[in-house]
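A.B. asks: Next up, query_13.cif (mmCIF, C-alpha atoms).
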```cif
data_my_file
loop_
_atom_site.label_atom_id
_atom_site.label_comp_id
_atom_site.auth_asym_id
_atom_site.auth_seq_id
_atom_site.Cartn_x
_atom_site.Cartn_y
_atom_site.Cartn_z
CA MET A 519 -33.93 -33.20 -2.47
CA THR A 520 -36.11 -31.55 0.16
CA ARG A 521 -33.54 -32.44 2.79
CA THR A 522 -30.33 -31.43 0.97
CA THR A 523 -31.49 -28.04 -0.29
CA PRO A 524 -32.04 -26.38 3.10
CA ALA A 525 -28.88 -28.03 4.45
CA THR A 526 -26.86 -26.58 1.58
CA ALA A 527 -28.44 -23.17 1.99
CA LYS A 528 -27.56 -23.25 5.67
CA GLY A 529 -24.04 -24.34 4.80
CA GLU A 530 -23.71 -21.45 2.37
CA ALA A 531 -24.99 -19.01 4.99
CA THR A 532 -22.51 -20.32 7.57
CA ARG A 533 -19.68 -20.09 5.07
CA ALA A 534 -20.64 -16.49 4.23
CA PHE A 535 -20.83 -15.65 7.93
CA LEU A 536 -17.38 -17.17 8.51
CA LEU A 537 -15.91 -15.16 5.64
CA LYS A 538 -17.39 -11.94 6.99
CA THR A 539 -16.22 -12.62 10.54
CA ALA A 540 -12.73 -13.61 9.38
CA ALA A 541 -12.46 -10.47 7.20
CA ARG A 542 -13.12 -8.36 10.31
CA VAL A 543 -10.62 -10.26 12.49
CA PHE A 544 -7.90 -10.09 9.82
CA ALA A 545 -8.61 -6.37 9.39
CA GLU A 546 -8.20 -5.77 13.11
CA ARG A 547 -5.16 -7.93 13.83
CA GLY A 548 -3.46 -8.53 10.48
CA TYR A 549 -2.85 -11.98 9.04
CA ALA A 550 0.32 -12.73 11.02
CA GLY A 551 -1.27 -11.41 14.21
CA THR A 552 -4.30 -13.66 13.90
CA GLY A 553 -4.27 -17.21 15.25
CA LEU A 554 -6.56 -19.98 14.08
CA SER A 555 -7.95 -20.01 17.63
CA ASP A 556 -8.92 -16.30 17.31
CA LEU A 557 -10.85 -17.13 14.16
CA ILE A 558 -12.61 -20.08 15.77
CA ALA A 559 -13.48 -17.99 18.84
CA ALA A 560 -14.87 -15.16 16.69
CA SER A 561 -16.96 -17.63 14.69
CA GLY A 562 -18.75 -19.03 17.74
CA LEU A 563 -18.53 -22.49 16.18
CA THR A 564 -16.96 -25.56 17.69
CA LYS A 565 -13.51 -26.46 16.44
CA GLY A 566 -14.91 -29.42 14.53
CA ALA A 567 -17.62 -27.39 12.83
CA PHE A 568 -15.11 -24.72 11.92
CA TYR A 569 -12.68 -27.21 10.37
CA PHE A 570 -15.55 -28.62 8.33
CA TYR A 571 -15.59 -25.30 6.43
CA PHE A 572 -11.93 -24.26 6.50
CA PRO A 573 -9.03 -26.58 7.30
CA SER A 574 -6.46 -23.80 7.95
CA LYS A 575 -5.91 -20.10 8.51
CA SER A 576 -4.44 -19.65 5.03
CA ALA A 577 -7.38 -21.46 3.39
CA LEU A 578 -9.79 -19.10 5.15
CA ALA A 579 -7.73 -16.00 4.34
CA LEU A 580 -7.56 -16.96 0.65
CA ALA A 581 -11.31 -17.59 0.62
CA VAL A 582 -11.92 -14.13 2.17
CA LEU A 583 -9.73 -12.55 -0.47
CA HIS A 584 -11.22 -14.50 -3.35
CA ASP A 585 -14.80 -13.87 -2.26
CA GLN A 586 -14.38 -10.12 -1.88
CA GLN A 587 -12.32 -9.60 -5.02
CA GLN A 588 -14.73 -11.54 -7.23
CA ARG A 589 -17.72 -9.71 -5.81
CA TRP A 590 -16.04 -6.31 -6.19
CA LEU A 591 -14.70 -7.02 -9.67
CA ARG A 592 -18.15 -8.06 -10.83
CA ARG A 593 -19.90 -5.01 -9.36
CA VAL A 594 -17.36 -2.47 -10.57
CA GLY A 595 -17.04 -4.18 -13.95
CA GLU A 596 -20.81 -4.16 -14.52
CA ARG A 597 -21.21 -0.56 -13.48
CA VAL A 598 -18.23 0.75 -15.43
CA LEU A 599 -18.89 -1.15 -18.66
CA ALA A 600 -22.44 0.21 -18.71
CA ALA A 601 -21.10 3.76 -18.90
CA GLY A 602 -20.85 4.18 -22.69
CA GLY A 603 -17.60 5.10 -24.45
CA ALA A 604 -14.12 4.44 -23.12
CA ILE A 605 -13.66 7.89 -21.56
CA GLU A 606 -17.03 7.67 -19.81
CA GLN A 607 -16.01 4.22 -18.56
CA PHE A 608 -12.72 5.60 -17.33
CA ARG A 609 -14.56 8.40 -15.52
CA ALA A 610 -16.94 5.87 -13.97
CA LEU A 611 -14.09 3.99 -12.26
CA ALA A 612 -13.69 6.32 -9.29
CA PRO A 613 -17.42 6.63 -8.44
CA ALA A 614 -17.82 2.85 -8.76
CA MET A 615 -14.92 2.18 -6.39
CA LEU A 616 -16.09 4.86 -3.95
CA GLU A 617 -19.62 3.48 -3.88
CA LEU A 618 -18.21 0.07 -3.09
CA LEU A 619 -16.13 1.54 -0.31
CA ALA A 620 -19.17 3.34 1.10
CA THR A 621 -21.20 0.12 1.26
CA GLU A 622 -18.36 -1.98 2.72
CA PRO A 623 -16.06 0.45 4.55
CA GLU A 624 -14.09 -2.28 6.31
CA ALA A 625 -13.51 -4.23 3.13
CA TRP A 626 -10.48 -2.27 2.00
CA SER A 627 -8.40 -3.91 4.66
CA ILE A 628 -8.27 -6.56 1.96
CA THR A 629 -5.29 -4.57 0.67
CA ARG A 630 -3.36 -5.31 3.82
CA LEU A 631 -4.35 -8.98 3.69
CA THR A 632 -3.24 -9.10 0.06
CA ILE A 633 0.19 -7.73 1.00
CA GLU A 634 0.61 -10.23 3.81
CA LEU A 635 -0.49 -13.23 1.72
CA ALA A 636 1.71 -12.11 -1.18
CA ALA A 637 4.75 -12.11 1.09
CA ASP A 638 4.28 -15.83 1.82
CA PRO A 639 5.39 -18.11 -1.06
CA ALA A 640 2.70 -20.65 -0.12
CA THR A 641 -0.13 -18.18 -0.81
CA ALA A 642 1.50 -15.69 -3.21
CA ASP A 643 0.25 -17.26 -6.45
CA ALA A 644 -3.37 -17.24 -5.34
CA VAL A 645 -3.13 -13.51 -4.61
CA VAL A 646 -1.73 -12.44 -7.97
CA LYS A 647 -4.77 -13.48 -10.01
CA PRO A 648 -7.39 -11.09 -8.60
CA MET A 649 -4.94 -8.17 -8.72
CA ALA A 650 -4.15 -9.03 -12.34
CA GLU A 651 -7.90 -9.04 -13.09
CA TRP A 652 -8.31 -5.50 -11.71
CA VAL A 653 -5.42 -4.40 -13.88
CA GLU A 654 -6.98 -6.05 -16.96
CA LEU A 655 -10.35 -4.36 -16.34
CA VAL A 656 -8.67 -0.94 -16.42
CA ALA A 657 -6.19 -1.79 -19.21
CA ASP A 658 -9.08 -2.82 -21.48
CA ILE A 659 -10.77 0.54 -21.04
CA ILE A 660 -7.57 2.43 -21.85
CA ARG A 661 -6.85 0.16 -24.84
CA ARG A 662 -10.29 0.87 -26.29
CA GLY A 663 -9.91 4.59 -25.62
CA GLN A 664 -6.65 4.61 -27.56
CA ALA A 665 -8.11 2.49 -30.39
CA ASP A 666 -11.05 4.93 -30.71
CA GLY A 667 -8.64 7.88 -30.81
CA ASP A 668 -10.07 9.35 -27.60
CA LEU A 669 -6.82 8.86 -25.64
CA ARG A 670 -3.32 9.61 -26.90
CA PRO A 671 -1.57 6.48 -28.19
CA GLY A 672 1.73 6.87 -26.28
CA PRO A 673 1.23 5.34 -22.82
CA ASP A 674 1.23 1.55 -22.53
CA PRO A 675 -2.31 0.53 -21.41
CA HIS A 676 -1.14 -2.26 -19.13
CA ALA A 677 1.49 -0.09 -17.41
CA VAL A 678 -1.00 2.76 -16.92
CA ALA A 679 -3.54 0.30 -15.51
CA VAL A 680 -1.04 -1.10 -13.00
CA VAL A 681 -0.16 2.45 -11.99
CA LEU A 682 -3.80 3.40 -11.55
CA VAL A 683 -4.82 0.32 -9.55
CA ALA A 684 -1.70 0.69 -7.40
CA ALA A 685 -2.22 4.41 -6.91
CA PHE A 686 -5.81 3.88 -5.81
CA ASP A 687 -4.77 1.23 -3.28
CA GLY A 688 -1.84 3.34 -2.09
CA LEU A 689 -4.07 6.39 -1.71
CA LYS A 690 -6.50 4.47 0.47
CA THR A 691 -3.64 3.17 2.60
CA LEU A 692 -1.99 6.58 3.01
CA THR A 693 -5.28 8.32 3.74
CA ASP A 694 -5.97 5.74 6.45
CA VAL A 695 -2.59 6.67 7.95
CA LEU A 696 -2.91 10.47 7.62
CA ASN A 697 -6.66 10.77 8.30
CA PRO A 698 -7.87 7.91 10.47
CA ASP A 699 -10.77 10.10 11.65
CA ALA A 700 -14.38 10.22 10.56
CA GLU A 701 -13.70 12.60 7.64
CA GLY A 702 -11.20 10.11 6.18
CA SER A 703 -13.56 8.65 3.60
CA GLU A 704 -14.64 12.08 2.35
CA ILE A 705 -10.99 13.16 2.09
CA PHE A 706 -10.23 9.93 0.24
CA ALA A 707 -13.03 10.61 -2.23
CA ARG A 708 -11.62 14.07 -2.98
CA ARG A 709 -8.10 12.71 -3.44
CA ALA A 710 -9.33 9.86 -5.63
CA ALA A 711 -10.98 12.47 -7.86
CA VAL A 712 -7.65 14.35 -8.05
CA LEU A 713 -5.87 11.12 -9.01
CA LEU A 714 -8.34 10.22 -11.76
CA ASP A 715 -8.36 13.79 -13.04
CA LEU A 716 -4.55 13.88 -13.23
CA VAL A 717 -4.37 10.55 -15.02
CA GLU A 718 -7.17 11.51 -17.42
CA HIS A 719 -5.31 14.73 -18.23
CA GLY A 720 -2.15 12.66 -18.64
CA LEU A 721 -3.90 10.27 -21.04
CA LEU A 722 -5.55 13.06 -23.04
CA GLY A 723 -2.68 15.59 -23.15
CA GLY A 724 -0.55 15.67 -26.31
CA MET B 1435 36.45 12.41 27.66
CA THR B 1436 38.80 9.84 26.13
CA ARG B 1437 36.77 7.08 27.77
CA THR B 1438 33.26 8.28 26.92
CA THR B 1439 33.89 9.05 23.26
CA PRO B 1440 34.76 5.49 22.14
CA ALA B 1441 32.03 4.12 24.39
CA THR B 1442 29.50 6.40 22.73
CA ALA B 1443 30.79 5.53 19.26
CA LYS B 1444 30.42 1.84 20.09
CA GLY B 1445 26.94 2.50 21.46
CA GLU B 1446 26.00 4.30 18.26
CA ALA B 1447 27.32 1.42 16.15
CA THR B 1448 25.36 -1.12 18.20
CA ARG B 1449 22.22 0.98 17.92
CA ALA B 1450 22.67 1.23 14.13
CA PHE B 1451 23.25 -2.53 13.93
CA LEU B 1452 20.08 -3.20 15.96
CA LEU B 1453 18.04 -0.91 13.70
CA LYS B 1454 19.31 -2.68 10.59
CA THR B 1455 18.71 -6.14 12.03
CA ALA B 1456 15.23 -5.21 13.24
CA ALA B 1457 14.33 -3.71 9.84
CA ARG B 1458 15.17 -7.07 8.25
CA VAL B 1459 13.18 -9.09 10.81
CA PHE B 1460 10.13 -6.80 10.53
CA ALA B 1461 10.39 -7.01 6.72
CA GLU B 1462 10.39 -10.81 6.84
CA ARG B 1463 7.71 -11.42 9.47
CA GLY B 1464 5.68 -8.21 9.68
CA TYR B 1465 5.25 -6.24 12.90
CA ALA B 1466 2.48 -8.37 14.38
CA GLY B 1467 4.32 -11.56 13.44
CA THR B 1468 7.52 -10.50 15.20
CA GLY B 1469 8.05 -11.17 18.89
CA LEU B 1470 10.47 -9.26 21.10
CA SER B 1471 12.29 -12.59 21.54
CA ASP B 1472 12.79 -12.85 17.73
CA LEU B 1473 14.38 -9.41 17.75
CA ILE B 1474 16.64 -10.25 20.69
CA ALA B 1475 17.68 -13.55 19.06
CA ALA B 1476 18.47 -11.84 15.74
CA SER B 1477 20.53 -9.18 17.53
CA GLY B 1478 22.84 -11.70 19.18
CA LEU B 1479 22.79 -9.53 22.32
CA THR B 1480 21.80 -10.62 25.79
CA LYS B 1481 18.34 -9.60 26.91
CA GLY B 1482 19.80 -7.03 29.30
CA ALA B 1483 22.03 -5.45 26.66
CA PHE B 1484 19.13 -5.35 24.22
CA TYR B 1485 16.79 -3.63 26.72
CA PHE B 1486 19.50 -1.05 27.35
CA TYR B 1487 18.92 0.17 23.78
CA PHE B 1488 15.22 -0.49 23.25
CA PRO B 1489 12.72 -1.15 26.02
CA SER B 1490 9.98 -2.57 23.78
CA LYS B 1491 9.10 -3.85 20.33
CA SER B 1492 7.16 -0.71 19.49
CA ALA B 1493 10.04 1.56 20.58
CA LEU B 1494 12.38 -0.36 18.28
CA ALA B 1495 9.91 -0.36 15.38
CA LEU B 1496 9.35 3.38 15.68
CA ALA B 1497 13.13 3.94 15.81
CA VAL B 1498 13.55 1.84 12.62
CA LEU B 1499 10.86 3.88 10.92
CA HIS B 1500 12.17 7.23 12.12
CA ASP B 1501 15.78 6.44 11.23
CA GLN B 1502 15.01 5.29 7.68
CA GLN B 1503 12.50 8.02 6.91
CA GLN B 1504 14.81 10.82 8.10
CA ARG B 1505 17.75 9.42 6.15
CA TRP B 1506 15.67 8.95 3.00
CA LEU B 1507 13.99 12.34 3.26
CA ARG B 1508 17.35 14.05 3.63
CA ARG B 1509 18.92 12.21 0.70
CA VAL B 1510 15.99 12.64 -1.69
CA GLY B 1511 15.44 16.24 -0.55
CA GLU B 1512 19.09 17.20 -1.16
CA ARG B 1513 19.22 15.55 -4.55
CA VAL B 1514 15.89 16.88 -5.79
CA LEU B 1515 16.33 20.46 -4.58
CA ALA B 1516 19.70 20.62 -6.37
CA ALA B 1517 17.97 19.99 -9.70
CA GLY B 1518 17.19 23.56 -10.75
CA GLY B 1519 13.66 24.79 -11.50
CA ALA B 1520 10.46 23.24 -10.19
CA ILE B 1521 9.85 21.02 -13.24
CA GLU B 1522 13.42 19.70 -13.14
CA GLN B 1523 12.95 19.04 -9.42
CA PHE B 1524 9.70 17.21 -10.12
CA ARG B 1525 11.46 15.11 -12.78
CA ALA B 1526 14.28 14.34 -10.35
CA LEU B 1527 11.88 12.73 -7.86
CA ALA B 1528 11.62 9.33 -9.54
CA PRO B 1529 15.37 8.84 -10.18
CA ALA B 1530 16.14 9.91 -6.60
CA MET B 1531 13.65 7.41 -5.17
CA LEU B 1532 14.83 4.65 -7.50
CA GLU B 1533 18.47 5.24 -6.60
CA LEU B 1534 17.55 4.96 -2.94
CA LEU B 1535 15.69 1.73 -3.62
CA ALA B 1536 18.67 0.32 -5.52
CA THR B 1537 21.03 1.01 -2.61
CA GLU B 1538 18.64 -0.33 0.05
CA PRO B 1539 16.33 -2.81 -1.70
CA GLU B 1540 14.92 -4.22 1.53
CA ALA B 1541 14.17 -0.80 2.93
CA TRP B 1542 10.83 -0.39 1.22
CA SER B 1543 9.31 -2.89 3.55
CA ILE B 1544 9.09 0.22 5.70
CA THR B 1545 5.79 0.81 3.90
CA ARG B 1546 4.37 -2.35 5.42
CA LEU B 1547 5.73 -1.42 8.84
CA THR B 1548 4.16 2.03 8.48
CA ILE B 1549 0.77 0.50 7.74
CA GLU B 1550 0.97 -1.83 10.75
CA LEU B 1551 2.11 0.88 13.16
CA ALA B 1552 -0.53 3.28 11.85
CA ALA B 1553 -3.25 0.73 12.64
CA ASP B 1554 -2.28 0.77 16.33
CA PRO B 1555 -3.51 3.89 18.20
CA ALA B 1556 -0.45 3.74 20.49
CA THR B 1557 1.98 4.26 17.60
CA ALA B 1558 -0.20 5.96 14.96
CA ASP B 1559 0.78 9.56 15.76
CA ALA B 1560 4.50 8.84 15.45
CA VAL B 1561 3.94 7.40 11.98
CA VAL B 1562 2.01 10.32 10.53
CA LYS B 1563 4.85 12.85 10.79
CA PRO B 1564 7.36 11.29 8.35
CA MET B 1565 4.61 10.59 5.80
CA ALA B 1566 3.46 14.21 6.11
CA GLU B 1567 7.07 15.34 5.52
CA TRP B 1568 7.26 13.38 2.25
CA VAL B 1569 4.01 14.98 1.17
CA GLU B 1570 5.33 18.46 2.05
CA LEU B 1571 8.55 17.90 0.06
CA VAL B 1572 6.52 17.14 -3.07
CA ALA B 1573 3.81 19.75 -2.41
CA ASP B 1574 6.48 22.48 -2.18
CA ILE B 1575 7.85 21.60 -5.60
CA ILE B 1576 4.38 21.69 -7.18
CA ARG B 1577 3.54 24.94 -5.39
CA ARG B 1578 6.66 26.60 -6.78
CA GLY B 1579 5.99 25.21 -10.25
CA GLN B 1580 2.52 26.74 -10.18
CA ALA B 1581 3.81 30.06 -8.79
CA ASP B 1582 6.39 30.23 -11.61
CA GLY B 1583 3.70 29.51 -14.18
CA ASP B 1584 5.37 26.25 -15.26
CA LEU B 1585 2.46 24.08 -14.03
CA ARG B 1586 -1.24 24.76 -14.52
CA PRO B 1587 -2.77 26.45 -11.46
CA GLY B 1588 -5.82 24.16 -11.08
CA PRO B 1589 -4.73 21.13 -9.04
CA ASP B 1590 -4.29 21.56 -5.30
CA PRO B 1591 -0.54 21.05 -4.58
CA HIS B 1592 -1.12 19.23 -1.29
CA ALA B 1593 -3.70 16.85 -2.76
CA VAL B 1594 -1.49 16.10 -5.77
CA ALA B 1595 1.46 15.47 -3.46
CA VAL B 1596 -0.54 13.02 -1.34
CA VAL B 1597 -1.66 11.26 -4.51
CA LEU B 1598 1.89 11.04 -5.83
CA VAL B 1599 3.47 9.78 -2.60
CA ALA B 1600 0.65 7.28 -2.19
CA ALA B 1601 0.83 6.15 -5.81
CA PHE B 1602 4.56 5.56 -5.55
CA ASP B 1603 4.15 3.48 -2.39
CA GLY B 1604 1.18 1.61 -3.85
CA LEU B 1605 3.09 0.90 -7.05
CA LYS B 1606 5.98 -0.60 -5.12
CA THR B 1607 3.58 -2.73 -3.10
CA LEU B 1608 1.63 -3.97 -6.14
CA THR B 1609 4.80 -4.66 -8.14
CA ASP B 1610 6.09 -6.74 -5.23
CA VAL B 1611 2.85 -8.75 -5.45
CA LEU B 1612 2.72 -9.10 -9.25
CA ASN B 1613 6.47 -9.43 -9.90
CA PRO B 1614 8.24 -10.87 -6.87
CA ASP B 1615 11.01 -12.15 -9.17
CA ALA B 1616 14.45 -10.71 -9.93
CA GLU B 1617 13.15 -8.38 -12.68
CA GLY B 1618 10.76 -6.75 -10.21
CA SER B 1619 12.92 -3.70 -9.55
CA GLU B 1620 13.44 -3.02 -13.25
CA ILE B 1621 9.70 -3.37 -13.89
CA PHE B 1622 9.04 -1.03 -10.96
CA ALA B 1623 11.43 1.55 -12.42
CA ARG B 1624 9.56 1.49 -15.75
CA ARG B 1625 6.17 1.80 -14.05
CA ALA B 1626 7.41 4.62 -11.81
CA ALA B 1627 8.48 6.48 -14.96
CA VAL B 1628 4.97 5.95 -16.41
CA LEU B 1629 3.44 7.32 -13.19
CA LEU B 1630 5.62 10.43 -13.11
CA ASP B 1631 5.10 11.01 -16.82
CA LEU B 1632 1.31 10.77 -16.47
CA VAL B 1633 1.25 13.12 -13.49
CA GLU B 1634 3.60 15.57 -15.22
CA HIS B 1635 1.31 15.55 -18.27
CA GLY B 1636 -1.62 16.03 -15.92
CA LEU B 1637 0.04 19.01 -14.22
CA LEU B 1638 1.10 20.61 -17.49
CA GLY B 1639 -2.01 19.94 -19.62
CA GLY B 1640 -4.55 22.77 -19.97
#
```
Could you show the structure in this file as structure tokens?
C.D. replies:
Amino acid sequence: MTRTTPATAKGEATRAFLLKTAARVFAERGYAGTGLSDLIAASGLTKGAFYFYFPSKSALALAVLHDQQQRWLRRVGERVLAAGGAIEQFRALAPAMLELLATEPEAWSITRLTIELAADPATADAVVKPMAEWVELVADIIRRGQADGDLRPGPDPHAVAVVLVAAFDGLKTLTDVLNPDAEGSEIFARRAAVLLDLVEHGLLGG
Amino acid sequence: MTRTTPATAKGEATRAFLLKTAARVFAERGYAGTGLSDLIAASGLTKGAFYFYFPSKSALALAVLHDQQQRWLRRVGERVLAAGGAIEQFRALAPAMLELLATEPEAWSITRLTIELAADPATADAVVKPMAEWVELVADIIRRGQADGDLRPGPDPHAVAVVLVAAFDGLKTLTDVLNPDAEGSEIFARRAAVLLDLVEHGLLGG
């Protein structure tokens, strides 16, 4: 026991370090542009030690994706669901996402990794699940808002949720293109508020 | 004269063929995952003939982007601006984009190419302009709708336009991830209608 526990803790720390390093390399070079040798070099480990943790580039990329999405889903879910009624929860979505973005600015490159992994049939299935979970988080809020009579009953909750998750991702991507400068994240925050405000009006309006 | 004209016409046809071929290769493998040798092989030209048209991978990628964006902007712009008042023009946006997508289903992979070229400082500037033109097309419609009193004056036209362009792109990307199957384009059309309806409600609502 006294020997395995520290070894496992060290293993966990190494794994976490590898995920963080790989996330940065994928963000810089894209999935297709990254070789397994780049990842090994960035890790500072020997080839053998590296393979002990991840047997392939796609295994590491999927682990990066899975790790970040689960962590983000949990944090945003906890924060949003604590916000009271459905409309308050809906309004809490943007601040929760923006806070996340502020603490891990590089993490959004996960969107690009998602797109690349989705394009490959070998990894596509593993990518769908976390995106579907984001959609469900939002759809649930809208569903409850409609059930409580706070939101108009017309729009399909699942379709609106897909639109909102997609719009948020797309807005981050486009803002990165149009405003790659230091003010980009502030501009993104303003635009995200416009998006949520429009959709809220759209869900309330008769 | 009689000798240069056919030669130029043939040159134009070859250039158009190279752009189309390259668009397909970039769509399949991504920008980073495509080598100049892949592009030359797909073109069926000799290396020398290929270099006569495009001296580098980035020159070809930017030409693909520029060509598609200009063509799409012109087609959507013409169709939308013919639609009468500002609200009718706003409502014509989704059908115009969907028609475009139906005629050139593979062309949306331009979004992925845009993201990759935007990430590279050497090509970033050339990518911003066409995206900014899409935003201006939409912002103009909203601006006129507000000036005519058809849309509520609150929302900033430019910010709403960025949100809408981004949401449309993001929705295509996410639908490709969630629904890579044959029904994907029909599902996208339904979701795009939900997006436009929500935003229209948001722009009309008090």
A.B. asks: Any chance you could resolve the PyMOL selection byres ((chain A) within 9 of (chain B)) against this file and give the residues as a PDB file with C-alpha atoms, keeping the file's coordinate frame?
C.D. replies:
```
ATOM      1  CA  GLU A 546      -8.200  -5.770  13.110  1.00  0.00           C
ATOM      2  CA  ARG A 547      -5.160  -7.930  13.830  1.00  0.00           C
ATOM      3  CA  GLY A 548      -3.460  -8.530  10.480  1.00  0.00           C
ATOM      4  CA  TYR A 549      -2.850 -11.980   9.040  1.00  0.00           C
ATOM      5  CA  ALA A 550       0.320 -12.730  11.020  1.00  0.00           C
ATOM      6  CA  GLY A 551      -1.270 -11.410  14.210  1.00  0.00           C
ATOM      7  CA  THR A 552      -4.300 -13.660  13.900  1.00  0.00           C
ATOM      8  CA  ARG A 630      -3.360  -5.310   3.820  1.00  0.00           C
ATOM      9  CA  THR A 632      -3.240  -9.100   0.060  1.00  0.00           C
ATOM     10  CA  ILE A 633       0.190  -7.730   1.000  1.00  0.00           C
ATOM     11  CA  GLU A 634       0.610 -10.230   3.810  1.00  0.00           C
ATOM     12  CA  ALA A 636       1.710 -12.110  -1.180  1.00  0.00           C
ATOM     13  CA  ALA A 637       4.750 -12.110   1.090  1.00  0.00           C
ATOM     14  CA  ALA A 642       1.500 -15.690  -3.210  1.00  0.00           C
ATOM     15  CA  ASP A 643       0.250 -17.260  -6.450  1.00  0.00           C
ATOM     16  CA  VAL A 645      -3.130 -13.510  -4.610  1.00  0.00           C
ATOM     17  CA  VAL A 646      -1.730 -12.440  -7.970  1.00  0.00           C
ATOM     18  CA  LYS A 647      -4.770 -13.480 -10.010  1.00  0.00           C
ATOM     19  CA  MET A 649      -4.940  -8.170  -8.720  1.00  0.00           C
ATOM     20  CA  ALA A 650      -4.150  -9.030 -12.340  1.00  0.00           C
ATOM     21  CA  PRO A 673       1.230   5.340 -22.820  1.00  0.00           C
ATOM     22  CA  ASP A 674       1.230   1.550 -22.530  1.00  0.00           C
ATOM     23  CA  ALA A 677       1.490  -0.090 -17.410  1.00  0.00           C
ATOM     24  CA  VAL A 678      -1.000   2.760 -16.920  1.00  0.00           C
ATOM     25  CA  VAL A 680      -1.040  -1.100 -13.000  1.00  0.00           C
ATOM     26  CA  VAL A 681      -0.160   2.450 -11.990  1.00  0.00           C
ATOM     27  CA  LEU A 682      -3.800   3.400 -11.550  1.00  0.00           C
ATOM     28  CA  VAL A 683      -4.820   0.320  -9.550  1.00  0.00           C
ATOM     29  CA  ALA A 684      -1.700   0.690  -7.400  1.00  0.00           C
ATOM     30  CA  ALA A 685      -2.220   4.410  -6.910  1.00  0.00           C
ATOM     31  CA  PHE A 686      -5.810   3.880  -5.810  1.00  0.00           C
ATOM     32  CA  ASP A 687      -4.770   1.230  -3.280  1.00  0.00           C
ATOM     33  CA  GLY A 688      -1.840   3.340  -2.090  1.00  0.00           C
ATOM     34  CA  LEU A 689      -4.070   6.390  -1.710  1.00  0.00           C
ATOM     35  CA  LYS A 690      -6.500   4.470   0.470  1.00  0.00           C
ATOM     36  CA  THR A 691      -3.640   3.170   2.600  1.00  0.00           C
ATOM     37  CA  LEU A 692      -1.990   6.580   3.010  1.00  0.00           C
ATOM     38  CA  THR A 693      -5.280   8.320   3.740  1.00  0.00           C
ATOM     39  CA  ASP A 694      -5.970   5.740   6.450  1.00  0.00           C
ATOM     40  CA  VAL A 695      -2.590   6.670   7.950  1.00  0.00           C
ATOM     41  CA  LEU A 696      -2.910  10.470   7.620  1.00  0.00           C
ATOM     42  CA  ASN A 697      -6.660  10.770   8.300  1.00  0.00           C
ATOM     43  CA  PRO A 698      -7.870   7.910  10.470  1.00  0.00           C
ATOM     44  CA  ARG A 708     -11.620  14.070  -2.980  1.00  0.00           C
ATOM     45  CA  ARG A 709      -8.100  12.710  -3.440  1.00  0.00           C
ATOM     46  CA  ALA A 710      -9.330   9.860  -5.630  1.00  0.00           C
ATOM     47  CA  VAL A 712      -7.650  14.350  -8.050  1.00  0.00           C
ATOM     48  CA  LEU A 713      -5.870  11.120  -9.010  1.00  0.00           C
ATOM     49  CA  ASP A 715      -8.360  13.790 -13.040  1.00  0.00           C
ATOM     50  CA  LEU A 716      -4.550  13.880 -13.230  1.00  0.00           C
ATOM     51  CA  VAL A 717      -4.370  10.550 -15.020  1.00  0.00           C
ATOM     52  CA  GLU A 718      -7.170  11.510 -17.420  1.00  0.00           C
ATOM     53  CA  HIS A 719      -5.310  14.730 -18.230  1.00  0.00           C
ATOM     54  CA  GLY A 720      -2.150  12.660 -18.640  1.00  0.00           C
ATOM     55  CA  LEU A 721      -3.900  10.270 -21.040  1.00  0.00           C
ATOM     56  CA  LEU A 722      -5.550  13.060 -23.040  1.00  0.00           C
ATOM     57  CA  GLY A 723      -2.680  15.590 -23.150  1.00  0.00           C
ATOM     58  CA  GLY A 724      -0.550  15.670 -26.310  1.00  0.00           C
TER      59      GLY A 724
END
```
A.B. asks: Would you mind listing what lies within 9 Å of Ser1490 (chain B) as a count of residues only, with only C-alpha atoms counted and same-chain residues fewer than 5 positions away left out?
C.D. replies: 3
A.B. asks: Using only the atoms of region 1544-1553 of chain B listed in the file, plus 3 Å on each side, state the axis-aligned box centre and edge lengths in Å rounded to one decimal, as JSON.
C.D. replies:
```
{"center_x": 2.9, "center_y": 0.5, "center_z": 8.5, "size_x": 18.3, "size_y": 11.6, "size_z": 15.3}
```
A.B. asks: Specify as JSON, numbers by chain each residue included when the PyMOL selection byres ((chain A and resi 660) around 10) is applied to this file.
C.D. replies: {"A": [604, 605, 607, 608, 654, 655, 656, 657, 658, 659, 661, 662, 663, 664, 665, 666, 668, 669, 670, 671, 673, 674, 675, 676, 678, 679, 721]}
A.B. asks: If you measure from CA of Pro648 (chain A) to CA of Ala541 (chain A), what distance in Å do you get, rounded to one decimal?
C.D. replies: 16.6 Å
A.B. asks: Find the distance between CA of Leu1499 (chain B) and CA of Val1514 (chain B) and write it in Å to one decimal.
C.D. replies: 21.8 Å
A.B. asks: If we count only C-alpha atoms, what is near Thr1448 (chain B) at a cut-off of 10 Å, once residues fewer than 3 positions away on the same chain are taken out, given as a PyMOL selection string?
C.D. replies: chain B and resi 1442-1445+1451-1454+1477+1479+1484+1487
A.B. asks: Quick one: distance from CA of Phe570 (chain A) to CA of Gln587 (chain A) in Å, one decimal?
C.D. replies: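 Computing the Euclidean distance for CA of Phe570 (chain A) and CA of Gln587 (chain A) yields 23.5 Å.
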A.B. asks: Step by step, work through what the PyMOL selection byres ((chain B and resi 1474) around 10) selects in the shown file, and finish by giving those residues as a ChimeraX atom specification.
C.D. replies: /B:1452,1455-1456,1469-1473,1475-1485,1491
A.B. asks: Measuring atom to atom with all atoms listed in the file, identify which of A:Pro573, A:Glu701, A:Leu611, A:Gly603 is nearest to Trp652 (chain A).
C.D. replies: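 The closest residue to Trp652 (chain A) is A:Leu611.
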